[in-house]
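What follows is the content of start_10.pdb, which has PDB, C-alpha atoms and all ligand atoms:
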```pdb
ATOM      1  CA  MET A   1       0.000   0.000   0.000
ATOM      2  CA  ALA A   2       1.311   3.445  -0.916
ATOM      3  CA  LYS A   3       2.437   5.406   2.126
ATOM      4  CA  GLN A   4       2.909   9.087   2.871
ATOM      5  CA  VAL A   5       6.506   9.688   3.874
ATOM      6  CA  LEU A   6       7.529  12.875   5.640
ATOM      7  CA  ILE A   7      11.206  13.811   5.981
ATOM      8  CA  LEU A   8      12.024  16.427   8.610
ATOM      9  CA  GLU A   9      15.457  17.696   7.613
ATOM     10  CA  GLY A  10      17.245  19.097  10.635
ATOM     11  CA  SER A  11      20.621  20.104   9.224
ATOM     12  CA  MET A  12      21.509  23.692   8.425
ATOM     13  CA  ARG A  13      23.367  22.404   5.343
ATOM     14  CA  THR A  14      20.696  21.798   2.735
ATOM     15  CA  LYS A  15      23.267  20.074   0.481
ATOM     16  CA  GLY A  16      25.026  18.407   3.389
ATOM     17  CA  ASN A  17      25.572  14.738   4.118
ATOM     18  CA  THR A  18      22.433  14.252   6.172
ATOM     19  CA  ALA A  19      20.212  15.869   3.563
ATOM     20  CA  LEU A  20      21.761  13.705   0.817
ATOM     21  CA  LEU A  21      21.245  10.576   2.904
ATOM     22  CA  ALA A  22      17.626  11.466   3.648
ATOM     23  CA  GLU A  23      16.995  12.362  -0.005
ATOM     24  CA  SER A  24      18.305   8.969  -1.047
ATOM     25  CA  PHE A  25      15.902   7.330   1.412
ATOM     26  CA  GLY A  26      13.146   9.411  -0.171
ATOM     27  CA  ARG A  27      14.133   8.373  -3.706
ATOM     28  CA  GLY A  28      13.986   4.720  -2.654
ATOM     29  CA  ALA A  29      10.548   5.262  -1.124
ATOM     30  CA  GLU A  30       9.317   6.973  -4.314
ATOM     31  CA  ALA A  31      10.681   4.116  -6.424
ATOM     32  CA  ALA A  32       8.535   1.777  -4.315
ATOM     33  CA  GLY A  33       5.442   3.877  -5.043
ATOM     34  CA  HIS A  34       5.255   5.968  -1.886
ATOM     35  CA  THR A  35       4.734   9.741  -1.740
ATOM     36  CA  VAL A  36       7.524  11.773  -0.174
ATOM     37  CA  THR A  37       7.436  15.260   1.339
ATOM     38  CA  GLU A  38      10.652  16.832   2.607
ATOM     39  CA  LEU A  39      10.584  19.813   4.939
ATOM     40  CA  PHE A  40      13.805  21.746   5.495
ATOM     41  CA  LEU A  41      13.343  22.987   9.039
ATOM     42  CA  ASN A  42      15.908  25.770   8.548
ATOM     43  CA  GLN A  43      13.526  27.375   6.051
ATOM     44  CA  LEU A  44      10.633  27.437   8.508
ATOM     45  CA  GLN A  45       9.849  29.742  11.370
ATOM     46  CA  ILE A  46       9.793  27.461  14.391
ATOM     47  CA  HIS A  47       9.933  28.928  17.855
ATOM     48  CA  ASP A  48      10.971  27.164  21.041
ATOM     49  CA  CYS A  49       8.371  25.351  23.089
ATOM     50  CA  LEU A  50       7.151  27.771  25.765
ATOM     51  CA  GLY A  51       6.580  24.985  28.257
ATOM     52  CA  CYS A  52       3.186  26.517  29.013
ATOM     53  CA  ALA A  53       1.491  23.096  28.780
ATOM     54  CA  ALA A  54      -1.654  24.707  27.341
ATOM     55  CA  CYS A  55      -1.597  21.818  24.846
ATOM     56  CA  ARG A  56      -2.288  19.446  27.729
ATOM     57  CA  SER A  57      -5.754  21.037  28.046
ATOM     58  CA  HIS A  58      -6.228  21.141  24.239
ATOM     59  CA  PRO A  59      -4.397  18.119  22.783
ATOM     60  CA  GLY A  60      -3.207  18.613  19.230
ATOM     61  CA  THR A  61      -3.012  22.384  19.392
ATOM     62  CA  CYS A  62      -0.250  24.803  20.314
ATOM     63  CA  VAL A  63      -0.769  28.381  21.424
ATOM     64  CA  GLN A  64       2.051  29.519  19.119
ATOM     65  CA  LYS A  65       0.944  30.096  15.538
ATOM     66  CA  ASP A  66       4.138  29.709  13.530
ATOM     67  CA  ASP A  67       5.210  27.192  10.859
ATOM     68  CA  MET A  68       4.835  24.321  13.329
ATOM     69  CA  THR A  69       1.140  24.373  12.457
ATOM     70  CA  SER A  70       1.957  22.968   9.007
ATOM     71  CA  VAL A  71       4.590  20.605  10.445
ATOM     72  CA  PHE A  72       1.960  19.214  12.863
ATOM     73  CA  GLN A  73      -0.444  18.699   9.962
ATOM     74  CA  ALA A  74       2.212  16.979   7.846
ATOM     75  CA  MET A  75       3.134  14.697  10.762
ATOM     76  CA  MET A  76      -0.495  13.809  11.436
ATOM     77  CA  GLU A  77      -1.028  12.924   7.748
ATOM     78  CA  ALA A  78       2.185  10.914   7.336
ATOM     79  CA  ASP A  79       2.518   7.147   7.731
ATOM     80  CA  VAL A  80       6.294   7.342   7.948
ATOM     81  CA  ILE A  81       8.231  10.160   9.649
ATOM     82  CA  VAL A  82      11.964  10.430   9.017
ATOM     83  CA  LEU A  83      13.940  12.481  11.513
ATOM     84  CA  ALA A  84      17.104  13.581   9.729
ATOM     85  CA  SER A  85      19.805  15.310  11.754
ATOM     86  CA  PRO A  86      23.588  15.302  11.862
ATOM     87  CA  VAL A  87      25.168  14.515  15.215
ATOM     88  CA  TYR A  88      26.047  17.753  16.999
ATOM     89  CA  PHE A  89      27.836  17.222  20.291
ATOM     90  CA  TYR A  90      26.614  13.624  20.452
ATOM     91  CA  THR A  91      22.962  14.370  19.750
ATOM     92  CA  TRP A  92      20.402  16.308  17.630
ATOM     93  CA  THR A  93      21.002  19.719  16.131
ATOM     94  CA  SER A  94      19.199  22.423  18.096
ATOM     95  CA  LEU A  95      17.085  23.008  14.977
ATOM     96  CA  ILE A  96      15.438  19.590  15.045
ATOM     97  CA  LYS A  97      15.429  19.385  18.847
ATOM     98  CA  ARG A  98      13.407  22.590  18.931
ATOM     99  CA  THR A  99      10.988  21.017  16.469
ATOM    100  CA  LEU A 100      10.714  17.797  18.454
ATOM    101  CA  ASP A 101      10.071  19.755  21.658
ATOM    102  CA  ARG A 102       7.126  21.437  19.979
ATOM    103  CA  THR A 103       5.582  18.029  19.171
ATOM    104  CA  PHE A 104       4.679  17.861  22.879
ATOM    105  CA  ALA A 105       1.446  19.404  21.566
ATOM    106  CA  ILE A 106       0.611  16.386  19.397
ATOM    107  CA  GLU A 107       2.085  13.685  21.621
ATOM    108  CA  PRO A 108      -1.344  12.510  22.880
ATOM    109  CA  VAL A 109      -2.951  12.444  19.424
ATOM    110  CA  LEU A 110      -0.246  11.187  17.043
ATOM    111  CA  SER A 111      -0.996   7.581  16.085
ATOM    112  CA  ASN A 112       0.003   4.847  13.648
ATOM    113  CA  LYS A 113       3.410   6.197  12.634
ATOM    114  CA  THR A 114       6.657   4.508  11.791
ATOM    115  CA  PHE A 115       9.694   6.663  12.543
ATOM    116  CA  TYR A 116      13.193   6.473  11.108
ATOM    117  CA  LEU A 117      16.384   8.191  12.225
ATOM    118  CA  ILE A 118      18.791   9.245   9.502
ATOM    119  CA  SER A 119      22.000  10.835  10.676
ATOM    120  CA  THR A 120      25.644  11.453   9.863
ATOM    121  CA  CYS A 121      28.638  12.119  12.071
ATOM    122  CA  ALA A 122      32.364  12.758  11.870
ATOM    123  CA  ALA A 123      33.251   9.916  14.218
ATOM    124  CA  ASP A 124      34.405   6.690  12.646
ATOM    125  CA  GLN A 125      32.136   4.496  14.753
ATOM    126  CA  GLU A 126      28.391   4.546  15.269
ATOM    127  CA  SER A 127      28.940   4.022  19.000
ATOM    128  CA  TYR A 128      29.789   7.746  19.233
ATOM    129  CA  ALA A 129      26.195   8.469  18.223
ATOM    130  CA  LYS A 130      24.766   6.465  21.161
ATOM    131  CA  THR A 131      23.259   9.521  22.873
ATOM    132  CA  MET A 132      21.534  10.480  19.620
ATOM    133  CA  LYS A 133      20.194   6.948  19.109
ATOM    134  CA  ASP A 134      18.997   6.646  22.716
ATOM    135  CA  SER A 135      17.278  10.019  22.495
ATOM    136  CA  TYR A 136      15.572   8.977  19.254
ATOM    137  CA  GLU A 137      14.334   5.645  20.693
ATOM    138  CA  GLN A 138      13.067   7.388  23.813
ATOM    139  CA  TYR A 139      11.381  10.108  21.766
ATOM    140  CA  VAL A 140       9.520   7.541  19.638
ATOM    141  CA  GLY A 141       8.585   5.658  22.811
ATOM    142  CA  CYS A 142       6.696   8.727  24.045
ATOM    143  CA  PHE A 143       4.050   8.230  21.353
ATOM    144  CA  GLU A 144       1.947   5.440  22.763
ATOM    145  CA  GLN A 145      -0.689   5.058  20.074
ATOM    146  CA  ASN A 146       0.802   2.472  17.729
ATOM    147  CA  CYS A 147       4.006   4.347  16.912
ATOM    148  CA  ARG A 148       7.316   2.566  16.458
ATOM    149  CA  SER A 149      10.806   2.876  15.074
ATOM    150  CA  GLY A 150      11.354   1.369  11.628
ATOM    151  CA  GLY A 151      15.123   1.771  11.698
ATOM    152  CA  ILE A 152      18.221   3.872  12.122
ATOM    153  CA  LEU A 153      20.867   4.727   9.547
ATOM    154  CA  ILE A 154      23.999   6.644  10.510
ATOM    155  CA  GLY A 155      26.737   7.572   8.068
ATOM    156  CA  CYS A 156      30.083   7.814   9.875
ATOM    157  CA  ASN A 157      33.316   9.570   8.884
ATOM    158  CA  MET A 158      31.519  12.580   7.377
ATOM    159  CA  ARG A 159      32.875  16.113   7.527
ATOM    160  CA  THR A 160      32.786  18.021   4.244
ATOM    161  CA  ALA A 161      29.320  18.628   2.785
ATOM    162  CA  GLY A 162      28.628  16.111   0.039
ATOM    163  CA  GLU A 163      31.353  13.702   1.140
ATOM    164  CA  ILE A 164      28.738  10.997   1.569
ATOM    165  CA  GLU A 165      28.366  10.752  -2.205
ATOM    166  CA  HIS A 166      31.592   8.731  -2.276
ATOM    167  CA  THR A 167      30.251   6.029   0.057
ATOM    168  CA  ASP A 168      27.720   3.226  -0.202
ATOM    169  CA  ASP A 169      25.646   4.833   2.573
ATOM    170  CA  LEU A 170      23.397   6.436  -0.066
ATOM    171  CA  GLN A 171      22.628   3.007  -1.496
ATOM    172  CA  GLN A 172      21.788   1.732   1.993
ATOM    173  CA  ALA A 173      19.401   4.644   2.506
ATOM    174  CA  TYR A 174      17.812   4.016  -0.891
ATOM    175  CA  GLN A 175      17.237   0.346   0.005
ATOM    176  CA  MET A 176      15.773   1.333   3.381
ATOM    177  CA  GLY A 177      13.331   3.670   1.636
ATOM    178  CA  MET A 178      12.419   1.007  -0.905
ATOM    179  CA  GLN A 179      11.624  -1.490   1.822
ATOM    180  CA  LEU A 180       9.024   0.596   3.650
TER     181      LEU A 180
HETATM  182  C1  LIG B 201      28.547  22.024  15.858
HETATM  183  C2  LIG B 201      28.976  20.660  15.396
HETATM  184  C3  LIG B 201      29.036  19.631  16.306
HETATM  185  C4  LIG B 201      29.424  18.359  15.889
HETATM  186  N1  LIG B 201      29.452  17.365  16.825
HETATM  187  C5  LIG B 201      29.798  16.112  16.431
HETATM  188  C6  LIG B 201      29.833  15.044  17.394
HETATM  189  O1  LIG B 201      29.573  15.198  18.575
HETATM  190  N2  LIG B 201      30.189  13.817  16.948
HETATM  191  C7  LIG B 201      30.519  13.574  15.634
HETATM  192  O2  LIG B 201      30.861  12.441  15.292
HETATM  193  N3  LIG B 201      30.451  14.567  14.699
HETATM  194  C8  LIG B 201      30.102  15.826  15.065
HETATM  195  N4  LIG B 201      30.031  16.833  14.130
HETATM  196  C9  LIG B 201      30.278  16.517  12.712
HETATM  197  C10 LIG B 201      28.970  16.366  11.924
HETATM  198  O3  LIG B 201      28.044  15.543  12.591
HETATM  199  C11 LIG B 201      29.236  15.734  10.540
HETATM  200  O4  LIG B 201      30.228  16.431   9.836
HETATM  201  C12 LIG B 201      27.964  15.659   9.721
HETATM  202  O5  LIG B 201      28.172  14.867   8.575
HETATM  203  C13 LIG B 201      27.460  17.022   9.264
HETATM  204  O6  LIG B 201      26.218  16.841   8.648
HETATM  205  P1  LIG B 201      25.678  17.756   7.473
HETATM  206  O7  LIG B 201      26.633  17.602   6.309
HETATM  207  O8  LIG B 201      24.331  17.218   7.194
HETATM  208  O9  LIG B 201      25.668  19.145   8.007
HETATM  209  C14 LIG B 201      29.709  18.110  14.519
HETATM  210  C15 LIG B 201      29.647  19.172  13.607
HETATM  211  C16 LIG B 201      29.296  20.430  14.030
HETATM  212  C17 LIG B 201      29.221  21.568  13.026
END
```
As structure tokens, how would this structure be written, given the file I've shared?
Ligand SMILES: Cc1cc2nc3c(=O)[nH]c(=O)nc-3n(C[C@H](O)[C@H](O)[C@H](O)COP(=O)(O)O)c2cc1C
Amino acid sequence: MAKQVLILEGSMRTKGNTALLAESFGRGAEAAGHTVTELFLNQLQIHDCLGCAACRSHPGTCVQKDDMTSVFQAMMEADVIVLASPVYFYTWTSLIKRTLDRTFAIEPVLSNKTFYLISTCAADQESYAKTMKDSYEQYVGCFEQNCRSGGILIGCNMRTAGEIEHTDDLQQAYQMGMQL
């Protein structure tokens, strides 16, 4: 069955390694007949969560009316949500973390989603991305209504933007997208 795939791109480098890896995942998904939407978070106006907890009285809504409104809608409509972020100091970029914090508003109402983590890092071993992976697993675990992780892909040894094109990581991402 054709699925709606949403990629939340959390790198500031729109032609960087993480974006290329996520795009390859998206191309694989499209080749398998799925529909892919990619949102570059650095092009959206997304404010920090205020911590006001007003969303706890009105699940699914946030008092702040910025571009998160359309991100919420895209997440609610998606079957598959890809969180794409390079490793910054062992974890998410602040750009995507800010976005994830805002999803506190839809935590009680988001259902039937499969999440993926797509990331890149300079370290030569995935073990250096443990904090990122743990945070991702714990984040997905917060959504109790039939949400799960579909997988994690981390490209190691990445520094210069575009460097990932010389690796087989892109092929791995493509295959992952194809197998949704
Ligand atoms: C502010 C900053 C912090 C970083 N922290 C880490 C880190 O903790 N561990 C690591 O392996 N790489 C780290 N890196 C390297 C990036 O994760 C890596 O180069 C990645 O491929 C960049 O992704 P991009 O091309 O999508 O921007 C850091 C890079 C920057 C700019």
Next on the checklist: Evaluated on this file, the PyMOL selection byres (((not hetatm)) within 6 of (chain B and resi 201)) picks out some residues - which ones are they, written as an NGL selection string?
Outcome noted: :A and (11 or 13 or 16-19 or 86-90 or 120-123 or 158-159 or 161)
Next on the checklist: I'd like the neighbourhood of Thr37 (chain A) as a list in words, where a residue qualifies if any of its atoms comes within 12 Å (using only C-alpha atoms), though same-chain residues fewer than 3 positions away should be ignored.
Outcome noted: Lys3, Gln4, Val5, Leu6, Ile7, Leu8, Glu9, Ala22, Glu23, Phe25, Gly26, Arg27, Ala29, Glu30, His34, Phe40, Val71, Ala74, Met75, Glu77, Ala78, Asp79, Val80, Ile81 and Val82 of chain A
Next on the checklist: Residue by residue, what does the PyMOL selection byres (((chain A and resi 97-111) around 8) and not hetatm) grab here? Present the result as a VMD selection string.
Outcome noted: chain A and resid 46 to 49 55 to 56 59 to 62 68 72 75 to 76 92 to 96 112 to 113 142 to 147
Generate the output file for the selected residues, C-alpha atoms, as a PDB file, in the frame of the given file.
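Resulting contents of part37.pdb:
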```
ATOM      1  CA  ILE A  46       9.793  27.461  14.391  1.00  0.00           C
ATOM      2  CA  HIS A  47       9.933  28.928  17.855  1.00  0.00           C
ATOM      3  CA  ASP A  48      10.971  27.164  21.041  1.00  0.00           C
ATOM      4  CA  CYS A  49       8.371  25.351  23.089  1.00  0.00           C
ATOM      5  CA  CYS A  55      -1.597  21.818  24.846  1.00  0.00           C
ATOM      6  CA  ARG A  56      -2.288  19.446  27.729  1.00  0.00           C
ATOM      7  CA  PRO A  59      -4.397  18.119  22.783  1.00  0.00           C
ATOM      8  CA  GLY A  60      -3.207  18.613  19.230  1.00  0.00           C
ATOM      9  CA  THR A  61      -3.012  22.384  19.392  1.00  0.00           C
ATOM     10  CA  CYS A  62      -0.250  24.803  20.314  1.00  0.00           C
ATOM     11  CA  MET A  68       4.835  24.321  13.329  1.00  0.00           C
ATOM     12  CA  PHE A  72       1.960  19.214  12.863  1.00  0.00           C
ATOM     13  CA  MET A  75       3.134  14.697  10.762  1.00  0.00           C
ATOM     14  CA  MET A  76      -0.495  13.809  11.436  1.00  0.00           C
ATOM     15  CA  TRP A  92      20.402  16.308  17.630  1.00  0.00           C
ATOM     16  CA  THR A  93      21.002  19.719  16.131  1.00  0.00           C
ATOM     17  CA  SER A  94      19.199  22.423  18.096  1.00  0.00           C
ATOM     18  CA  LEU A  95      17.085  23.008  14.977  1.00  0.00           C
ATOM     19  CA  ILE A  96      15.438  19.590  15.045  1.00  0.00           C
ATOM     20  CA  ASN A 112       0.003   4.847  13.648  1.00  0.00           C
ATOM     21  CA  LYS A 113       3.410   6.197  12.634  1.00  0.00           C
ATOM     22  CA  CYS A 142       6.696   8.727  24.045  1.00  0.00           C
ATOM     23  CA  PHE A 143       4.050   8.230  21.353  1.00  0.00           C
ATOM     24  CA  GLU A 144       1.947   5.440  22.763  1.00  0.00           C
ATOM     25  CA  GLN A 145      -0.689   5.058  20.074  1.00  0.00           C
ATOM     26  CA  ASN A 146       0.802   2.472  17.729  1.00  0.00           C
ATOM     27  CA  CYS A 147       4.006   4.347  16.912  1.00  0.00           C
TER      28      CYS A 147
END
```
Kindly list the centre and edge lengths in Å, rounded to one decimal, for the axis-aligned box that covers all listed atoms of region 156-174 of chain A plus 3 Å on each of its six sides, as JSON.
```
{"center_x": 25.6, "center_y": 10.2, "center_z": 3.8, "size_x": 21.5, "size_y": 22.9, "size_z": 18.2}
```
Checklist entry - So, counting all atoms listed in the file, which residue among A:Thr114, A:Gln45, A:Ser127, A:Gln138 is closest to Gln64 (chain A)? => result A:Gln45
With all heavy atoms as the atom set, please write region 28-41 of chain A from the structure just given, as a CSV table (one decimal), in the first residue's frame.
```csv
chain,number,residue,atom,x,y,z
A,28,GLY,N,14.3,6.1,-2.8
A,28,GLY,CA,14.0,4.7,-2.7
A,28,GLY,C,12.5,4.5,-2.4
A,28,GLY,O,11.8,3.7,-3.0
A,29,ALA,N,12.0,5.4,-1.5
A,29,ALA,CA,10.5,5.3,-1.1
A,29,ALA,C,9.7,5.6,-2.3
A,29,ALA,O,8.7,4.9,-2.6
A,29,ALA,CB,10.2,6.2,0.0
A,30,GLU,N,10.1,6.6,-3.1
A,30,GLU,CA,9.3,7.0,-4.3
A,30,GLU,C,9.4,5.8,-5.3
A,30,GLU,O,8.4,5.5,-6.0
A,30,GLU,CB,9.9,8.3,-4.9
A,30,GLU,CG,9.3,9.5,-4.2
A,30,GLU,CD,9.9,10.8,-4.6
A,30,GLU,OE1,11.0,10.8,-5.3
A,30,GLU,OE2,9.4,11.8,-4.3
A,31,ALA,N,10.5,5.2,-5.5
A,31,ALA,CA,10.7,4.1,-6.4
A,31,ALA,C,9.7,3.0,-6.1
A,31,ALA,O,9.3,2.2,-6.9
A,31,ALA,CB,12.1,3.6,-6.5
A,32,ALA,N,9.4,2.8,-4.8
A,32,ALA,CA,8.5,1.8,-4.3
A,32,ALA,C,7.1,2.2,-4.4
A,32,ALA,O,6.2,1.5,-3.9
A,32,ALA,CB,8.9,1.4,-2.9
A,33,GLY,N,6.8,3.4,-4.9
A,33,GLY,CA,5.4,3.9,-5.0
A,33,GLY,C,4.9,4.7,-3.9
A,33,GLY,O,3.7,5.1,-4.0
A,34,HIS,N,5.7,5.1,-3.0
A,34,HIS,CA,5.3,6.0,-1.9
A,34,HIS,C,5.4,7.5,-2.3
A,34,HIS,O,6.1,7.8,-3.2
A,34,HIS,CB,6.0,5.7,-0.6
A,34,HIS,CG,6.1,4.2,-0.2
A,34,HIS,ND1,4.9,3.5,0.0
A,34,HIS,CD2,7.1,3.3,-0.1
A,34,HIS,CE1,5.2,2.2,0.3
A,34,HIS,NE2,6.5,2.1,0.2
A,35,THR,N,4.7,8.3,-1.5
A,35,THR,CA,4.7,9.7,-1.7
A,35,THR,C,5.6,10.4,-0.7
A,35,THR,O,5.5,10.1,0.5
A,35,THR,CB,3.3,10.3,-1.6
A,35,THR,OG1,2.5,9.6,-2.5
A,35,THR,CG2,3.3,11.8,-2.0
A,36,VAL,N,6.5,11.2,-1.1
A,36,VAL,CA,7.5,11.8,-0.2
A,36,VAL,C,7.4,13.3,-0.1
A,36,VAL,O,7.4,14.0,-1.1
A,36,VAL,CB,9.0,11.4,-0.6
A,36,VAL,CG1,10.0,12.0,0.3
A,36,VAL,CG2,9.1,9.9,-0.6
A,37,THR,N,7.4,13.8,1.1
A,37,THR,CA,7.4,15.3,1.3
A,37,THR,C,8.6,15.5,2.2
A,37,THR,O,8.8,14.9,3.2
A,37,THR,CB,6.2,15.7,2.1
A,37,THR,OG1,5.0,15.4,1.4
A,37,THR,CG2,6.2,17.3,2.3
A,38,GLU,N,9.5,16.5,1.8
A,38,GLU,CA,10.7,16.8,2.6
A,38,GLU,C,10.5,18.3,3.1
A,38,GLU,O,10.3,19.2,2.3
A,38,GLU,CB,11.9,16.7,1.8
A,38,GLU,CG,13.2,16.8,2.6
A,38,GLU,CD,14.4,16.4,1.8
A,38,GLU,OE1,14.3,16.3,0.5
A,38,GLU,OE2,15.5,16.1,2.4
A,39,LEU,N,10.6,18.5,4.4
A,39,LEU,CA,10.6,19.8,4.9
A,39,LEU,C,12.0,20.2,5.5
A,39,LEU,O,12.5,19.5,6.4
A,39,LEU,CB,9.5,19.9,6.1
A,39,LEU,CG,8.1,19.7,5.7
A,39,LEU,CD1,7.2,19.8,6.9
A,39,LEU,CD2,7.6,20.7,4.6
A,40,PHE,N,12.5,21.2,5.0
A,40,PHE,CA,13.8,21.7,5.5
A,40,PHE,C,13.5,22.7,6.7
A,40,PHE,O,13.0,23.8,6.5
A,40,PHE,CB,14.6,22.4,4.4
A,40,PHE,CG,15.2,21.5,3.4
A,40,PHE,CD1,14.5,21.1,2.3
A,40,PHE,CD2,16.5,21.0,3.7
A,40,PHE,CE1,15.1,20.1,1.4
A,40,PHE,CE2,17.1,20.1,2.8
A,40,PHE,CZ,16.4,19.6,1.7
A,41,LEU,N,13.8,22.2,7.8
A,41,LEU,CA,13.3,23.0,9.0
A,41,LEU,C,14.0,24.4,9.1
A,41,LEU,O,13.5,25.3,9.7
A,41,LEU,CB,13.6,22.2,10.3
A,41,LEU,CG,12.9,20.8,10.4
A,41,LEU,CD1,13.4,20.0,11.6
A,41,LEU,CD2,11.4,21.0,10.4
```
